[in-house]
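Notes follow once the structure below has been shown.
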Amino acid sequence: MMVPPPKRPAGASPSRGRHQRPGKAGSAVAAGLALLLLVACGSKPRQPDWLVNADSGQDRFERAFLSGNERVAASEFTRFRGEVASTAQPALVARAELTRCAVQVASLDFSPCTGFEALRADAPDAERAYADFLAGTATPEQAKLLPEAYRGIVGGQGGAAAVKGIKDPLQRLVAAGVLLRMQKADPEVLQVAVDTASEQGWRRSVLAWLGAQAMLAEKAGATEEAAKLRRRMQLAAPSKP
């Protein structure tokens, strides 16, 4: 899904939704190329190799990252970004970087989105708005540039009801992560995120969100609940050789 970035940030495009993939984000470019091929060959046009490779690469990267497979995720992202970079289109490369930042937010990794920031000067307004959304700093004026699923989250609004209303699981986790980043996530938001990550079997996200729940329980003095959550984390933790 470029997370509004390329396919579906996140979820969120080289993201679906702004969690669209570069494949989807590059649809206008692909359509233009397809038209040229159709005129030249008089037969069904073939999708550019970069588009096919980037689309599948993004899927593999997202799955590997959310599952906690660092080595595979790093390799797939390098391949994914390389395919998009072959177009020399700043907007598409920016979306690829935002895809990485979106899955990090979905897993409560709030590291700076340095890959995108290096491209910000040449990135379109929509990509800048999405980057600010992921950082929890998007303004109401920027909301209209975001995928519809995220507009109700800008400014920390909507809460659990808004998160539950997001159909795509990765976008749902991204939205929940943004709310937590802004310290606007209540216990219900955390539960929605845990349930979503658990249903998808995304180990990294499950552990992150269960950890957030456990810390909240410990802070409230609910030691038995915290212990229960920690036991769930042990179940999901990668097995040691």
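Ordering of the structure tokens sets the chain letters (A, B, ...), residue numbers begin anew at 1 in every chain, and ligands are numbered from 1 in the order given.
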Please provide the set of residues having any atom within 9 Å of A:Val178, restricted to only C-alpha atoms, with same-chain residues fewer than 2 positions apart removed, written as a PyMOL selection string. chain A and resi 105-106+108+133-136+153-154+156+173-176+180-185
Residue subset to file, keeping N, CA and C atoms, as a tab-separated table (two decimals), in the first residue's frame:
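So selection-v6.tsv came out as:
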```
chain	number	residue	atom	x	y	z
A	105	VAL	N	5.50	3.70	12.66
A	105	VAL	CA	4.49	4.28	13.55
A	105	VAL	C	3.47	3.23	13.97
A	106	ALA	N	3.11	2.35	13.04
A	106	ALA	CA	2.15	1.28	13.34
A	106	ALA	C	2.70	0.33	14.39
A	108	LEU	N	4.81	1.50	16.80
A	108	LEU	CA	5.21	2.41	17.89
A	108	LEU	C	6.69	2.73	17.90
A	133	PHE	N	1.55	14.30	9.39
A	133	PHE	CA	0.54	13.50	10.07
A	133	PHE	C	1.20	12.38	10.87
A	134	LEU	N	2.15	11.69	10.25
A	134	LEU	CA	2.84	10.61	10.94
A	134	LEU	C	3.60	11.13	12.17
A	135	ALA	N	4.07	12.36	12.08
A	135	ALA	CA	4.81	12.96	13.20
A	135	ALA	C	3.87	13.52	14.26
A	136	GLY	N	2.56	13.52	13.96
A	136	GLY	CA	1.59	14.04	14.91
A	136	GLY	C	1.50	15.55	14.90
A	153	ILE	N	-8.50	11.94	12.31
A	153	ILE	CA	-7.50	11.74	13.36
A	153	ILE	C	-6.66	12.99	13.58
A	154	VAL	N	-6.57	13.85	12.59
A	154	VAL	CA	-5.74	15.05	12.68
A	154	VAL	C	-6.11	15.86	13.92
A	156	GLY	N	-5.62	14.87	16.89
A	156	GLY	CA	-5.95	13.98	18.00
A	156	GLY	C	-7.42	13.76	18.19
A	173	LEU	N	-3.73	0.72	12.35
A	173	LEU	CA	-2.62	0.77	13.29
A	173	LEU	C	-1.84	2.07	13.17
A	174	VAL	N	-1.70	2.56	11.95
A	174	VAL	CA	-1.01	3.85	11.77
A	174	VAL	C	-1.78	4.95	12.50
A	175	ALA	N	-3.09	4.98	12.33
A	175	ALA	CA	-3.91	5.99	12.99
A	175	ALA	C	-3.79	5.89	14.50
A	176	ALA	N	-3.84	4.67	15.02
A	176	ALA	CA	-3.71	4.47	16.47
A	176	ALA	C	-2.33	4.93	16.95
A	180	LEU	N	-1.40	7.81	19.72
A	180	LEU	CA	-0.54	7.57	20.88
A	180	LEU	C	0.64	8.54	20.89
A	181	ARG	N	1.16	8.81	19.71
A	181	ARG	CA	2.28	9.74	19.61
A	181	ARG	C	1.87	11.13	20.11
A	182	MET	N	0.62	11.49	19.88
A	182	MET	CA	0.12	12.79	20.32
A	182	MET	C	-0.44	12.74	21.74
A	183	GLN	N	-0.29	11.56	22.38
A	183	GLN	CA	-0.81	11.35	23.74
A	183	GLN	C	-2.32	11.55	23.79
A	184	LYS	N	-2.99	11.10	22.73
A	184	LYS	CA	-4.44	11.20	22.62
A	184	LYS	C	-5.11	9.82	22.56
A	185	ALA	N	-4.33	8.77	22.82
A	185	ALA	CA	-4.87	7.41	22.72
A	185	ALA	C	-5.35	6.93	24.09
```
Here atom CA of A:Ala236 and atom CA of A:Leu190 stand apart by 17.2 Å
Compare A:Ala160, A:Leu170, A:Ala88, A:Ala214 by their minimum atom-to-atom distance to A:Ala197, counting only C-alpha atoms, and give me the closest one. A:Leu170
Residues near A:Leu146, cut-off 7 Å, only C-alpha atoms, skip fewer than 2 positions along chain, as a PyMOL selection string: chain A and resi 18+126+129-130+143-144+148+150-151
Check the smallest atom-to-atom distance from each of A:Asp125, A:Glu199, A:Glu188, A:Asp59 to A:Val163 using only C-alpha atoms, then report the winner.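 Of all the options, A:Glu188 lies closest to A:Val163.
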Excluding A:Asp109 and residues on its chain fewer than 3 positions from it, collect all residues at most 10 Å away from it, counting only C-alpha atoms, and give them as number ranges by chain. A: 101-106, 112, 177, 181, 205, 208
So how many Å separate atom CA of A:Gly211 and atom CA of A:Ser67, to one decimal? 15.7 Å
With only C-alpha atoms as the counted atoms, please give the residues lying no more than 8 Å from A:Val72, apart from itself and same-chain residues fewer than 5 positions off, as a CSV table (one decimal) with C-alpha atoms, in the first residue's frame.
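Ended up saving to selection-v7.csv:
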```
chain,number,residue,atom,x,y,z
A,61,PHE,CA,8.8,-5.3,3.1
A,64,ALA,CA,8.6,-8.6,7.0
A,65,PHE,CA,8.8,-5.4,9.1
```
Would you mind telling me which residue in A:Glu127, A:Glu62, A:Asp55, A:Glu70 lies nearest to A:Pro90 when using only C-alpha atoms?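 Among the listed residues, A:Glu127 lies closest to A:Pro90.
Going from atom CA of A:Arg95 over to atom CA of A:Phe116, you cover 8.0 Å.
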